[in-house]
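The next block holds one structure in the form of structure tokens; read it before the comments.
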Amino acid sequence: MKDFSKEMIDHILETAEKLESIAVMKERSDMLTGKVLAVLFFEPSTRTRMSFETAMIRLGGEVLSMGSVDASSISKGETLADTIRVVQSYADAIILRHPKEGAARMASEFSSVPVINAGDGAGHHPTQTLLDLYTIKRESKLEGLKIALAGDLKYGRTVHSLCYALSHYGADITLVSPDELRMPYEIIKDLEARGMKVRETDSIDEAITEVDVLYVTRIQKERFPDPAEYLRVASSLQITPELLENAKSHLKIMHPLPRVNEIDPLVDNTPHACYFKQAFYGVPIRMALLALVMGAME
Amino acid sequence: MNSEQTNFELEPGLRVRPIENGTVIDHIKAGQALNVLHILKLPGQFESVVSIIINSPSKYGKKDVVKIENRELKVKELDKISLIAPSATINIIRDFKVLKKNRVEIPEYVEGVVQCINPNCISNSSEPITSKFRVYEEDNIINLRCIYCERIISEDIADHLL
Ligand SMILES: [Zn+2]
């Protein structure tokens with residue numbers, strides 16, 4: 001995602017906006033009729049897979065999905081390179097999710113059709129970042145944004161990637177995390193070098209009064225050897241209706257989902273809740289990518 | 001360019017004999033001479049005389065020097081040396097004279113030279129690819145960025161040479 005220029009990002013977001021009426025079925029499209037999308041998921045991520053499949057179908061195309069990983073040749077020891085060399089002759093584009101970092105980059109070296117990275121190990125998940133940006137654009141604003149990121153900022157690659165992407169727009173960032181899960185110093189330094197204002201705090205109450213967007217991520221239990229410590233940290237960051245009393249009226253709350261208990265379900269019915277909308281925005285973003293890589297749009 | 005080899009003779013009295021034909025690698029970052037030998041697989045079956053000077057005082061602080069008789073270096077070897085000793089100079093010696101003197105060039109990319117430090121990187125699996133890194137300098141330190149997983153190696157590159 002670091003390699004995406006601002007022009008590329010803006011172009012994808014604008015394309016998604018044009019396609020949104022198709023995503024909500026206000027319009028029908030045959031833009032990708034006759035095209036085949038191969039969906040190769042070497043680790044499960046039902047939500048991402050369905051979002052890509054919906055996007056392809058809404059544009060009139062067909063989807064070939066790999067069965068479960070156990071049943072396919074990967075368990076017989078076939079290399080990813082071989083799988084890609086075969087599948088690229090069946091499809092017009094490939095969606096790949098793989099546990100190894102750099103898998104998508106390697107796959108693109110073996111494929112004559114475009115490969116879209118739907119997540120590789122702890123590595124990149126660019127379509128998540130694009131849909132996050134799109135959500136911010138549609139529900140708040142990208143220029144002059146004040147955003148707070150809360151939760152696991154140490155291991156959470158989603159938030160790192162989002163911060164880098166936001167650096168194109170010069171956002172003002174507040175990082176809210178327990179001490180154990182602070183954003184790595186090198187990343188903060190890097191963001192500041194890109195002209196961003198970065199502030200760290202461990203108090204969500206303080207952060208929430210000033211921002212336009214609050215991006216919440218999951219804190220994984222496994223990060224804490226002591227379960228009591230986990231509970232203390234998780235509850236100190238929980239988003240509740242009471243907490244939101246001090247928020248700006250236009251504050252939007254985002255979360256990549258699935259959530260566990262970071263956000264109280266009572267927040268769902270407030271105008272601040274934006275996470276289900278965010279999940280929907282994954283469809284127009286993926287439609288835009290499919291239309292662009294298969295040459296149906298420029 | 002046909003200067004006398006005494007150019008890189010060190011302090012007076014330091015007895016490393018001039019070589020007739022071969023290569024002198026000078027201005028190696030102090031402490032890296034043994035890694036240079038490792039890269040060149042020396043001493044190996046190759047029967048050449050190798051002299052090493054470690055921690056020799058020079059104008060720019062301490063340096064190491066390696067002299068190898070009757071051998072010239074391959075591009076891939078030079079690429080490897082450039083990663084661990086970016087300021088090294090390569091002197092090709094013919095008839096006791098310096099025929100050519102070049103600084104090592106830091107390549108833009110290195111392929112199949114270093115192993116990625118990320119155990120979960122696709123280049124460390126059984127896929128039919130070789131490791132590939134983009135090389136860049138930052139604050140006089142050589143950094144290697146894996147083109148697959150983007151992990152950066154900036155310290156102890158010698159430990160990860162293939
Ligand atoms: Zn790597």
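Ordering of the structure tokens sets the chain letters (A, B, ...), residue numbers begin anew at 1 in every chain, and ligands are numbered from 1 in the order given.
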Mind listing the residues within 9 Å of ligand 1, only C-alpha atoms and all ligand atoms counted, as a list in words?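 Final answer, ordered by chain and number: Glu101 and Gly102 of chain A; Gln115, Cys116, Ile117, Asn118, Pro119, Asn120, Cys121, Ile122, Ser123, Asn124, Ser131, Lys132, Phe133, Arg145, Cys146, Ile147, Tyr148, Cys149, Glu150, Arg151 and Ile152 of chain B.
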Using N, CA and C atoms, can you export the residues from the last selection as a PDB file, in the first residue's frame?
ATOM      1  N   GLU A 101       3.864 -14.151   3.535  1.00  0.00           N
ATOM      2  CA  GLU A 101       4.042 -12.757   3.140  1.00  0.00           C
ATOM      3  C   GLU A 101       4.755 -12.666   1.802  1.00  0.00           C
ATOM      4  N   GLY A 102       4.227 -11.812   0.939  1.00  0.00           N
ATOM      5  CA  GLY A 102       4.829 -11.639  -0.382  1.00  0.00           C
ATOM      6  C   GLY A 102       4.258 -12.607  -1.413  1.00  0.00           C
TER       7      GLY A 102
ATOM      8  N   GLN B 115      19.581 -14.089   2.289  1.00  0.00           N
ATOM      9  CA  GLN B 115      18.321 -14.752   2.637  1.00  0.00           C
ATOM     10  C   GLN B 115      17.463 -13.805   3.463  1.00  0.00           C
ATOM     11  N   CYS B 116      16.167 -13.749   3.156  1.00  0.00           N
ATOM     12  CA  CYS B 116      15.255 -12.883   3.898  1.00  0.00           C
ATOM     13  C   CYS B 116      15.174 -13.342   5.356  1.00  0.00           C
ATOM     14  N   ILE B 117      15.146 -12.358   6.280  1.00  0.00           N
ATOM     15  CA  ILE B 117      15.129 -12.704   7.707  1.00  0.00           C
ATOM     16  C   ILE B 117      13.726 -13.029   8.211  1.00  0.00           C
ATOM     17  N   ASN B 118      12.730 -12.858   7.342  1.00  0.00           N
ATOM     18  CA  ASN B 118      11.351 -13.119   7.763  1.00  0.00           C
ATOM     19  C   ASN B 118      11.018 -14.592   7.496  1.00  0.00           C
ATOM     20  N   PRO B 119      10.872 -15.409   8.540  1.00  0.00           N
ATOM     21  CA  PRO B 119      10.626 -16.834   8.305  1.00  0.00           C
ATOM     22  C   PRO B 119       9.326 -17.087   7.551  1.00  0.00           C
ATOM     23  N   ASN B 120       8.397 -16.130   7.619  1.00  0.00           N
ATOM     24  CA  ASN B 120       7.122 -16.313   6.928  1.00  0.00           C
ATOM     25  C   ASN B 120       7.116 -15.723   5.518  1.00  0.00           C
ATOM     26  N   CYS B 121       8.300 -15.340   5.034  1.00  0.00           N
ATOM     27  CA  CYS B 121       8.373 -14.758   3.685  1.00  0.00           C
ATOM     28  C   CYS B 121       8.250 -15.866   2.641  1.00  0.00           C
ATOM     29  N   ILE B 122       7.549 -15.568   1.548  1.00  0.00           N
ATOM     30  CA  ILE B 122       7.363 -16.556   0.480  1.00  0.00           C
ATOM     31  C   ILE B 122       8.715 -16.989  -0.109  1.00  0.00           C
ATOM     32  N   SER B 123       9.735 -16.118  -0.018  1.00  0.00           N
ATOM     33  CA  SER B 123      11.046 -16.490  -0.574  1.00  0.00           C
ATOM     34  C   SER B 123      11.752 -17.532   0.304  1.00  0.00           C
ATOM     35  N   ASN B 124      11.245 -17.765   1.504  1.00  0.00           N
ATOM     36  CA  ASN B 124      11.794 -18.812   2.371  1.00  0.00           C
ATOM     37  C   ASN B 124      10.941 -20.073   2.351  1.00  0.00           C
ATOM     38  N   SER B 131      15.646 -15.232  -3.636  1.00  0.00           N
ATOM     39  CA  SER B 131      15.420 -14.013  -2.878  1.00  0.00           C
ATOM     40  C   SER B 131      15.836 -12.819  -3.728  1.00  0.00           C
ATOM     41  N   LYS B 132      15.146 -11.707  -3.531  1.00  0.00           N
ATOM     42  CA  LYS B 132      15.505 -10.502  -4.276  1.00  0.00           C
ATOM     43  C   LYS B 132      15.275  -9.292  -3.374  1.00  0.00           C
ATOM     44  N   PHE B 133      16.270  -8.426  -3.307  1.00  0.00           N
ATOM     45  CA  PHE B 133      16.177  -7.254  -2.432  1.00  0.00           C
ATOM     46  C   PHE B 133      16.496  -5.994  -3.203  1.00  0.00           C
ATOM     47  N   ARG B 145      15.747  -4.246   1.210  1.00  0.00           N
ATOM     48  CA  ARG B 145      14.315  -4.418   1.394  1.00  0.00           C
ATOM     49  C   ARG B 145      13.850  -5.570   0.506  1.00  0.00           C
ATOM     50  N   CYS B 146      13.305  -6.610   1.142  1.00  0.00           N
ATOM     51  CA  CYS B 146      12.828  -7.781   0.406  1.00  0.00           C
ATOM     52  C   CYS B 146      11.719  -7.352  -0.544  1.00  0.00           C
ATOM     53  N   ILE B 147      11.818  -7.720  -1.815  1.00  0.00           N
ATOM     54  CA  ILE B 147      10.777  -7.274  -2.749  1.00  0.00           C
ATOM     55  C   ILE B 147       9.495  -8.081  -2.547  1.00  0.00           C
ATOM     56  N   TYR B 148       9.583  -9.205  -1.839  1.00  0.00           N
ATOM     57  CA  TYR B 148       8.372  -9.988  -1.593  1.00  0.00           C
ATOM     58  C   TYR B 148       7.651  -9.514  -0.334  1.00  0.00           C
ATOM     59  N   CYS B 149       8.286  -9.656   0.818  1.00  0.00           N
ATOM     60  CA  CYS B 149       7.577  -9.323   2.061  1.00  0.00           C
ATOM     61  C   CYS B 149       7.874  -7.923   2.571  1.00  0.00           C
ATOM     62  N   GLU B 150       8.843  -7.236   1.944  1.00  0.00           N
ATOM     63  CA  GLU B 150       9.203  -5.862   2.291  1.00  0.00           C
ATOM     64  C   GLU B 150       9.913  -5.712   3.636  1.00  0.00           C
ATOM     65  N   ARG B 151      10.291  -6.820   4.245  1.00  0.00           N
ATOM     66  CA  ARG B 151      11.080  -6.739   5.475  1.00  0.00           C
ATOM     67  C   ARG B 151      12.440  -6.127   5.148  1.00  0.00           C
ATOM     68  N   ILE B 152      12.957  -5.324   6.061  1.00  0.00           N
ATOM     69  CA  ILE B 152      14.223  -4.638   5.818  1.00  0.00           C
ATOM     70  C   ILE B 152      15.339  -5.266   6.647  1.00  0.00           C
TER      71      ILE B 152
END
Sorted per-residue table, segment 130-244 of chain A near segment 272-275 of chain A, closest atoms and distance, 12 Å, only C-alpha atoms, as JSON lines:
{"residue": "A:Leu131", "atom": "CA", "partner": "A:Tyr275", "partner_atom": "CA", "distance": 11.2}
{"residue": "A:Asp132", "atom": "CA", "partner": "A:Tyr275", "partner_atom": "CA", "distance": 9.9}
{"residue": "A:Thr135", "atom": "CA", "partner": "A:Cys274", "partner_atom": "CA", "distance": 8.4}
{"residue": "A:Ile136", "atom": "CA", "partner": "A:Cys274", "partner_atom": "CA", "distance": 9.6}
{"residue": "A:Arg138", "atom": "CA", "partner": "A:Cys274", "partner_atom": "CA", "distance": 10.7}
{"residue": "A:Glu139", "atom": "CA", "partner": "A:Cys274", "partner_atom": "CA", "distance": 8.0}
{"residue": "A:Ser140", "atom": "CA", "partner": "A:Cys274", "partner_atom": "CA", "distance": 10.3}
{"residue": "A:Ile208", "atom": "CA", "partner": "A:His272", "partner_atom": "CA", "distance": 11.8}
{"residue": "A:Val211", "atom": "CA", "partner": "A:His272", "partner_atom": "CA", "distance": 11.9}
{"residue": "A:Asp212", "atom": "CA", "partner": "A:His272", "partner_atom": "CA", "distance": 10.0}
{"residue": "A:Val213", "atom": "CA", "partner": "A:His272", "partner_atom": "CA", "distance": 9.1}
{"residue": "A:Leu214", "atom": "CA", "partner": "A:His272", "partner_atom": "CA", "distance": 9.4}
{"residue": "A:Tyr215", "atom": "CA", "partner": "A:Tyr275", "partner_atom": "CA", "distance": 9.3}
{"residue": "A:Val216", "atom": "CA", "partner": "A:Tyr275", "partner_atom": "CA", "distance": 9.6}
{"residue": "A:Thr217", "atom": "CA", "partner": "A:Tyr275", "partner_atom": "CA", "distance": 11.1}
{"residue": "A:Ile239", "atom": "CA", "partner": "A:Ala273", "partner_atom": "CA", "distance": 10.6}
{"residue": "A:Thr240", "atom": "CA", "partner": "A:Ala273", "partner_atom": "CA", "distance": 11.2}
{"residue": "A:Pro241", "atom": "CA", "partner": "A:His272", "partner_atom": "CA", "distance": 9.8}
{"residue": "A:Leu243", "atom": "CA", "partner": "A:His272", "partner_atom": "CA", "distance": 11.8}
{"residue": "A:Leu244", "atom": "CA", "partner": "A:His272", "partner_atom": "CA", "distance": 8.5}
Could you save the residues just selected, with C-alpha atoms, as a compact mmCIF listing (two decimals), in the first residue's frame?
# COMPACT_ATOMS: atom_id res chain seq x y z
CA LEU A 131 -12.19 0.39 1.59
CA ASP A 132 -11.22 2.16 4.82
CA THR A 135 -15.46 4.87 3.95
CA ILE A 136 -13.70 7.94 5.33
CA ARG A 138 -17.92 8.92 1.86
CA GLU A 139 -18.83 9.30 5.51
CA SER A 140 -16.38 11.98 6.67
CA ILE A 208 -12.82 11.16 21.44
CA VAL A 211 -11.84 13.71 16.22
CA ASP A 212 -13.94 13.21 13.09
CA VAL A 213 -13.29 9.47 12.88
CA LEU A 214 -12.54 6.86 15.52
CA TYR A 215 -11.05 3.67 14.09
CA VAL A 216 -11.27 0.77 16.53
CA THR A 217 -9.38 -2.50 16.16
CA ILE A 239 -16.70 2.20 23.18
CA THR A 240 -19.98 2.82 24.98
CA PRO A 241 -22.88 5.27 24.48
CA LEU A 243 -18.31 7.67 26.22
CA LEU A 244 -19.84 9.10 23.06
Do me a favour and pick out the residues of chain A within 8 Å of chain B, using only C-alpha atoms, as JSON, numbers by chain. {"A": [79, 80, 81, 100, 101, 102, 103, 105, 106, 121, 123]}
With all heavy atoms kept, could you save the residues just selected as a PDB file, in the first residue's frame?
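Writing done, so here's again-v2.pdb:
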ATOM      1  N   THR A  79       3.344 -26.324  -5.455  1.00  0.00           N
ATOM      2  CA  THR A  79       3.760 -24.962  -5.115  1.00  0.00           C
ATOM      3  C   THR A  79       2.684 -23.969  -5.545  1.00  0.00           C
ATOM      4  O   THR A  79       1.888 -24.246  -6.446  1.00  0.00           O
ATOM      5  CB  THR A  79       5.073 -24.578  -5.826  1.00  0.00           C
ATOM      6  OG1 THR A  79       4.856 -24.633  -7.247  1.00  0.00           O
ATOM      7  CG2 THR A  79       6.210 -25.513  -5.450  1.00  0.00           C
ATOM      8  N   LEU A  80       2.696 -22.819  -4.914  1.00  0.00           N
ATOM      9  CA  LEU A  80       1.778 -21.754  -5.313  1.00  0.00           C
ATOM     10  C   LEU A  80       2.071 -21.333  -6.754  1.00  0.00           C
ATOM     11  O   LEU A  80       1.161 -21.066  -7.534  1.00  0.00           O
ATOM     12  CB  LEU A  80       1.929 -20.550  -4.365  1.00  0.00           C
ATOM     13  CG  LEU A  80       1.117 -19.308  -4.732  1.00  0.00           C
ATOM     14  CD1 LEU A  80      -0.380 -19.591  -4.712  1.00  0.00           C
ATOM     15  CD2 LEU A  80       1.458 -18.147  -3.792  1.00  0.00           C
ATOM     16  N   ALA A  81       3.354 -21.317  -7.108  1.00  0.00           N
ATOM     17  CA  ALA A  81       3.730 -20.931  -8.472  1.00  0.00           C
ATOM     18  C   ALA A  81       3.030 -21.822  -9.497  1.00  0.00           C
ATOM     19  O   ALA A  81       2.490 -21.333 -10.495  1.00  0.00           O
ATOM     20  CB  ALA A  81       5.247 -21.010  -8.632  1.00  0.00           C
ATOM     21  N   LYS A 100       1.517 -16.816   3.417  1.00  0.00           N
ATOM     22  CA  LYS A 100       2.913 -16.363   3.341  1.00  0.00           C
ATOM     23  C   LYS A 100       2.998 -14.908   2.889  1.00  0.00           C
ATOM     24  O   LYS A 100       2.342 -14.518   1.921  1.00  0.00           O
ATOM     25  CB  LYS A 100       3.704 -17.220   2.337  1.00  0.00           C
ATOM     26  CG  LYS A 100       3.892 -18.646   2.774  1.00  0.00           C
ATOM     27  CD  LYS A 100       5.100 -18.757   3.676  1.00  0.00           C
ATOM     28  CE  LYS A 100       5.267 -20.199   4.152  1.00  0.00           C
ATOM     29  NZ  LYS A 100       6.223 -20.289   5.249  1.00  0.00           N
ATOM     30  N   GLU A 101       3.864 -14.151   3.535  1.00  0.00           N
ATOM     31  CA  GLU A 101       4.042 -12.757   3.140  1.00  0.00           C
ATOM     32  C   GLU A 101       4.755 -12.666   1.802  1.00  0.00           C
ATOM     33  O   GLU A 101       5.750 -13.344   1.581  1.00  0.00           O
ATOM     34  CB  GLU A 101       4.839 -12.004   4.207  1.00  0.00           C
ATOM     35  CG  GLU A 101       4.040 -11.773   5.470  1.00  0.00           C
ATOM     36  CD  GLU A 101       4.906 -11.249   6.599  1.00  0.00           C
ATOM     37  OE1 GLU A 101       5.536 -10.198   6.421  1.00  0.00           O
ATOM     38  OE2 GLU A 101       4.930 -11.906   7.653  1.00  0.00           O
ATOM     39  N   GLY A 102       4.227 -11.812   0.939  1.00  0.00           N
ATOM     40  CA  GLY A 102       4.829 -11.639  -0.382  1.00  0.00           C
ATOM     41  C   GLY A 102       4.258 -12.607  -1.413  1.00  0.00           C
ATOM     42  O   GLY A 102       4.699 -12.611  -2.565  1.00  0.00           O
ATOM     43  N   ALA A 103       3.271 -13.430  -1.011  1.00  0.00           N
ATOM     44  CA  ALA A 103       2.718 -14.430  -1.935  1.00  0.00           C
ATOM     45  C   ALA A 103       2.111 -13.775  -3.179  1.00  0.00           C
ATOM     46  O   ALA A 103       2.301 -14.255  -4.299  1.00  0.00           O
ATOM     47  CB  ALA A 103       1.668 -15.282  -1.213  1.00  0.00           C
ATOM     48  N   ARG A 105       2.823 -10.902  -4.545  1.00  0.00           N
ATOM     49  CA  ARG A 105       3.885 -10.367  -5.392  1.00  0.00           C
ATOM     50  C   ARG A 105       4.516 -11.486  -6.234  1.00  0.00           C
ATOM     51  O   ARG A 105       4.733 -11.349  -7.428  1.00  0.00           O
ATOM     52  CB  ARG A 105       4.931  -9.689  -4.499  1.00  0.00           C
ATOM     53  CG  ARG A 105       6.252  -9.398  -5.141  1.00  0.00           C
ATOM     54  CD  ARG A 105       6.174  -8.203  -6.063  1.00  0.00           C
ATOM     55  NE  ARG A 105       7.218  -8.256  -7.066  1.00  0.00           N
ATOM     56  CZ  ARG A 105       8.051  -7.260  -7.325  1.00  0.00           C
ATOM     57  NH1 ARG A 105       7.932  -6.135  -6.670  1.00  0.00           N
ATOM     58  NH2 ARG A 105       8.965  -7.390  -8.247  1.00  0.00           N
ATOM     59  N   MET A 106       4.764 -12.617  -5.575  1.00  0.00           N
ATOM     60  CA  MET A 106       5.331 -13.735  -6.310  1.00  0.00           C
ATOM     61  C   MET A 106       4.346 -14.242  -7.361  1.00  0.00           C
ATOM     62  O   MET A 106       4.728 -14.522  -8.502  1.00  0.00           O
ATOM     63  CB  MET A 106       5.710 -14.880  -5.367  1.00  0.00           C
ATOM     64  CG  MET A 106       6.452 -15.987  -6.095  1.00  0.00           C
ATOM     65  SD  MET A 106       6.303 -17.607  -5.327  1.00  0.00           S
ATOM     66  CE  MET A 106       4.669 -18.071  -5.850  1.00  0.00           C
ATOM     67  N   GLY A 121      -0.536 -13.276   4.732  1.00  0.00           N
ATOM     68  CA  GLY A 121       0.041 -13.463   6.055  1.00  0.00           C
ATOM     69  C   GLY A 121      -0.187 -12.236   6.913  1.00  0.00           C
ATOM     70  O   GLY A 121      -1.244 -11.633   6.896  1.00  0.00           O
ATOM     71  N   GLY A 123       1.230  -9.714   6.275  1.00  0.00           N
ATOM     72  CA  GLY A 123       1.653  -8.662   5.363  1.00  0.00           C
ATOM     73  C   GLY A 123       0.524  -7.745   4.936  1.00  0.00           C
ATOM     74  O   GLY A 123      -0.184  -7.200   5.768  1.00  0.00           O
TER      75      GLY A 123
END
Can you list every residue in chain B that DSSP puts in helix (DSSP H, G or I), as a list in words? Gln5, Thr6, Asn7, Phe8, Ala33, Leu34, Asn35, Val36, Leu37, His38, Ile39, Val75, Lys76, Glu77, Leu78, Asp79, Lys80, Ile81, Ser82, Leu83, Ile84, Ile122, Ser123, Asn124, Ile157, Ala158, Asp159 and His160 of chain B
Using DSSP on the backbone, list every residue of segment 69-152 of chain A that comes out as strand (DSSP E), and give them as an mmCIF file with N, CA and C atoms, in the first residue's frame.
data_model
loop_
_atom_site.group_PDB
_atom_site.id
_atom_site.type_symbol
_atom_site.label_atom_id
_atom_site.label_comp_id
_atom_site.auth_asym_id
_atom_site.auth_seq_id
_atom_site.Cartn_x
_atom_site.Cartn_y
_atom_site.Cartn_z
ATOM 1 N N ALA A 93 -8.752 -12.828 -14.150
ATOM 2 C CA ALA A 93 -8.052 -12.185 -13.026
ATOM 3 C C ALA A 93 -8.077 -13.167 -11.863
ATOM 4 N N ILE A 94 -7.122 -12.994 -10.948
ATOM 5 C CA ILE A 94 -7.016 -13.903 -9.800
ATOM 6 C C ILE A 94 -7.042 -13.074 -8.516
ATOM 7 N N ILE A 95 -7.862 -13.531 -7.579
ATOM 8 C CA ILE A 95 -7.846 -12.946 -6.234
ATOM 9 C C ILE A 95 -7.115 -13.941 -5.350
ATOM 10 N N LEU A 96 -6.098 -13.485 -4.640
ATOM 11 C CA LEU A 96 -5.290 -14.417 -3.848
ATOM 12 C C LEU A 96 -5.222 -14.004 -2.390
ATOM 13 N N ARG A 97 -5.528 -14.957 -1.523
ATOM 14 C CA ARG A 97 -5.224 -14.780 -0.106
ATOM 15 C C ARG A 97 -4.369 -15.958 0.312
ATOM 16 N N HIS A 98 -3.249 -15.675 0.974
ATOM 17 C CA HIS A 98 -2.270 -16.716 1.245
ATOM 18 C C HIS A 98 -1.570 -16.418 2.557
ATOM 19 N N VAL A 115 -3.225 -10.188 -10.717
ATOM 20 C CA VAL A 115 -3.436 -10.830 -9.419
ATOM 21 C C VAL A 115 -3.748 -9.723 -8.415
ATOM 22 N N ILE A 116 -4.855 -9.875 -7.713
ATOM 23 C CA ILE A 116 -5.191 -8.889 -6.678
ATOM 24 C C ILE A 116 -4.933 -9.527 -5.315
ATOM 25 N N ASN A 117 -4.193 -8.826 -4.475
ATOM 26 C CA ASN A 117 -3.833 -9.323 -3.153
ATOM 27 C C ASN A 117 -4.990 -9.116 -2.179
ATOM 28 N N ALA A 118 -5.531 -10.212 -1.690
ATOM 29 C CA ALA A 118 -6.617 -10.123 -0.704
ATOM 30 C C ALA A 118 -6.087 -10.459 0.685
ATOM 31 N N GLY A 119 -4.817 -10.215 0.890
ATOM 32 C CA GLY A 119 -4.219 -10.459 2.205
ATOM 33 C C GLY A 119 -3.143 -11.519 2.110
ATOM 34 N N ASP A 120 -1.922 -11.201 2.604
ATOM 35 C CA ASP A 120 -0.884 -12.240 2.621
ATOM 36 C C ASP A 120 -0.205 -12.266 3.985
ATOM 37 N N LYS A 146 -9.236 14.614 11.185
ATOM 38 C CA LYS A 146 -8.701 14.293 12.512
ATOM 39 C C LYS A 146 -9.213 12.911 12.867
ATOM 40 N N ILE A 147 -8.275 11.990 13.067
ATOM 41 C CA ILE A 147 -8.684 10.601 13.290
ATOM 42 C C ILE A 147 -7.986 10.046 14.532
ATOM 43 N N ALA A 148 -8.716 9.259 15.302
ATOM 44 C CA ALA A 148 -8.104 8.534 16.413
ATOM 45 C C ALA A 148 -8.125 7.054 16.068
ATOM 46 N N LEU A 149 -7.004 6.382 16.329
ATOM 47 C CA LEU A 149 -6.924 4.936 16.109
ATOM 48 C C LEU A 149 -6.774 4.288 17.476
ATOM 49 N N ALA A 150 -7.638 3.325 17.771
ATOM 50 C CA ALA A 150 -7.622 2.755 19.116
ATOM 51 C C ALA A 150 -7.518 1.241 19.060
#
At a cut-off of 9 Å, using only C-alpha atoms, what residues contact Ile157 of chain B? Leave out same-chain residues fewer than 3 positions from it and give the result as a list in words. Leu83, Ile84, Val114, Ile142, Asn143, Leu144, Ile153, Ser154, His160 and Leu161 of chain B
What lies within 7 Å of segment 49-63 of chain B using only C-alpha atoms, ignoring chain neighbours under 6 positions off, as a ChimeraX atom specification? /B:27-31,33,69
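Across the structure, atom CA of Thr54 of chain A and atom CA of Glu262 of chain A are spaced 28.0 Å apart.
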Test item: residues at most 12 Å from Glu72 of chain B, only C-alpha atoms, excluding those fewer than 4 positions along its chain, as a PDB file with N, CA and C atoms, in the first residue's frame:
ATOM      1  N   ASN B  21      50.402 -10.597  -9.345  1.00  0.00           N
ATOM      2  CA  ASN B  21      49.137 -10.562 -10.080  1.00  0.00           C
ATOM      3  C   ASN B  21      48.012 -10.943  -9.126  1.00  0.00           C
ATOM      4  N   GLY B  22      46.869 -10.280  -9.285  1.00  0.00           N
ATOM      5  CA  GLY B  22      45.738 -10.640  -8.427  1.00  0.00           C
ATOM      6  C   GLY B  22      44.893  -9.431  -8.086  1.00  0.00           C
ATOM      7  N   THR B  23      44.282  -9.478  -6.904  1.00  0.00           N
ATOM      8  CA  THR B  23      43.342  -8.432  -6.516  1.00  0.00           C
ATOM      9  C   THR B  23      43.643  -7.982  -5.102  1.00  0.00           C
ATOM     10  N   VAL B  24      43.627  -6.685  -4.906  1.00  0.00           N
ATOM     11  CA  VAL B  24      43.727  -6.150  -3.548  1.00  0.00           C
ATOM     12  C   VAL B  24      42.414  -5.449  -3.238  1.00  0.00           C
ATOM     13  N   ILE B  25      41.783  -5.899  -2.178  1.00  0.00           N
ATOM     14  CA  ILE B  25      40.543  -5.234  -1.754  1.00  0.00           C
ATOM     15  C   ILE B  25      40.914  -4.353  -0.574  1.00  0.00           C
ATOM     16  N   LEU B  40      34.169 -14.925  -0.614  1.00  0.00           N
ATOM     17  CA  LEU B  40      35.015 -15.414  -1.711  1.00  0.00           C
ATOM     18  C   LEU B  40      35.362 -16.892  -1.543  1.00  0.00           C
ATOM     19  N   SER B  48      45.580 -20.077  -3.819  1.00  0.00           N
ATOM     20  CA  SER B  48      46.246 -18.796  -3.949  1.00  0.00           C
ATOM     21  C   SER B  48      46.670 -18.305  -2.575  1.00  0.00           C
ATOM     22  N   LYS B  67      44.365  -9.229   0.302  1.00  0.00           N
ATOM     23  CA  LYS B  67      45.104  -9.380  -0.955  1.00  0.00           C
ATOM     24  C   LYS B  67      45.024 -10.828  -1.396  1.00  0.00           C
ATOM     25  N   ILE B  68      44.635 -11.034  -2.629  1.00  0.00           N
ATOM     26  CA  ILE B  68      44.495 -12.394  -3.131  1.00  0.00           C
ATOM     27  C   ILE B  68      45.347 -12.513  -4.394  1.00  0.00           C
ATOM     28  N   LYS B  76      29.043 -11.183  -9.086  1.00  0.00           N
ATOM     29  CA  LYS B  76      28.210 -11.548  -7.945  1.00  0.00           C
ATOM     30  C   LYS B  76      29.000 -11.429  -6.631  1.00  0.00           C
ATOM     31  N   GLU B  77      30.277 -11.754  -6.702  1.00  0.00           N
ATOM     32  CA  GLU B  77      31.119 -11.606  -5.516  1.00  0.00           C
ATOM     33  C   GLU B  77      31.268 -10.136  -5.145  1.00  0.00           C
ATOM     34  N   LEU B  78      31.433  -9.308  -6.179  1.00  0.00           N
ATOM     35  CA  LEU B  78      31.561  -7.865  -5.924  1.00  0.00           C
ATOM     36  C   LEU B  78      30.280  -7.305  -5.308  1.00  0.00           C
ATOM     37  N   ILE B  90      38.546  -1.957  -5.202  1.00  0.00           N
ATOM     38  CA  ILE B  90      39.045  -3.183  -5.809  1.00  0.00           C
ATOM     39  C   ILE B  90      40.209  -2.801  -6.717  1.00  0.00           C
ATOM     40  N   ASN B  91      41.371  -3.296  -6.408  1.00  0.00           N
ATOM     41  CA  ASN B  91      42.553  -2.987  -7.210  1.00  0.00           C
ATOM     42  C   ASN B  91      42.990  -4.244  -7.938  1.00  0.00           C
ATOM     43  N   ILE B  92      43.009  -4.151  -9.250  1.00  0.00           N
ATOM     44  CA  ILE B  92      43.472  -5.302 -10.010  1.00  0.00           C
ATOM     45  C   ILE B  92      44.960  -5.112 -10.296  1.00  0.00           C
ATOM     46  N   ILE B  93      45.750  -6.095  -9.915  1.00  0.00           N
ATOM     47  CA  ILE B  93      47.204  -5.975  -9.989  1.00  0.00           C
ATOM     48  C   ILE B  93      47.750  -6.854 -11.118  1.00  0.00           C
ATOM     49  N   ARG B  94      48.552  -6.249 -11.989  1.00  0.00           N
ATOM     50  CA  ARG B  94      49.301  -7.002 -13.009  1.00  0.00           C
ATOM     51  C   ARG B  94      50.759  -6.564 -12.933  1.00  0.00           C
ATOM     52  N   LEU B  99      46.575  -2.095 -12.176  1.00  0.00           N
ATOM     53  CA  LEU B  99      46.067  -1.963 -13.533  1.00  0.00           C
ATOM     54  C   LEU B  99      44.761  -1.171 -13.531  1.00  0.00           C
ATOM     55  N   LYS B 100      43.927  -1.457 -12.523  1.00  0.00           N
ATOM     56  CA  LYS B 100      42.613  -0.810 -12.456  1.00  0.00           C
ATOM     57  C   LYS B 100      42.240  -0.643 -10.995  1.00  0.00           C
TER      58      LYS B 100
END
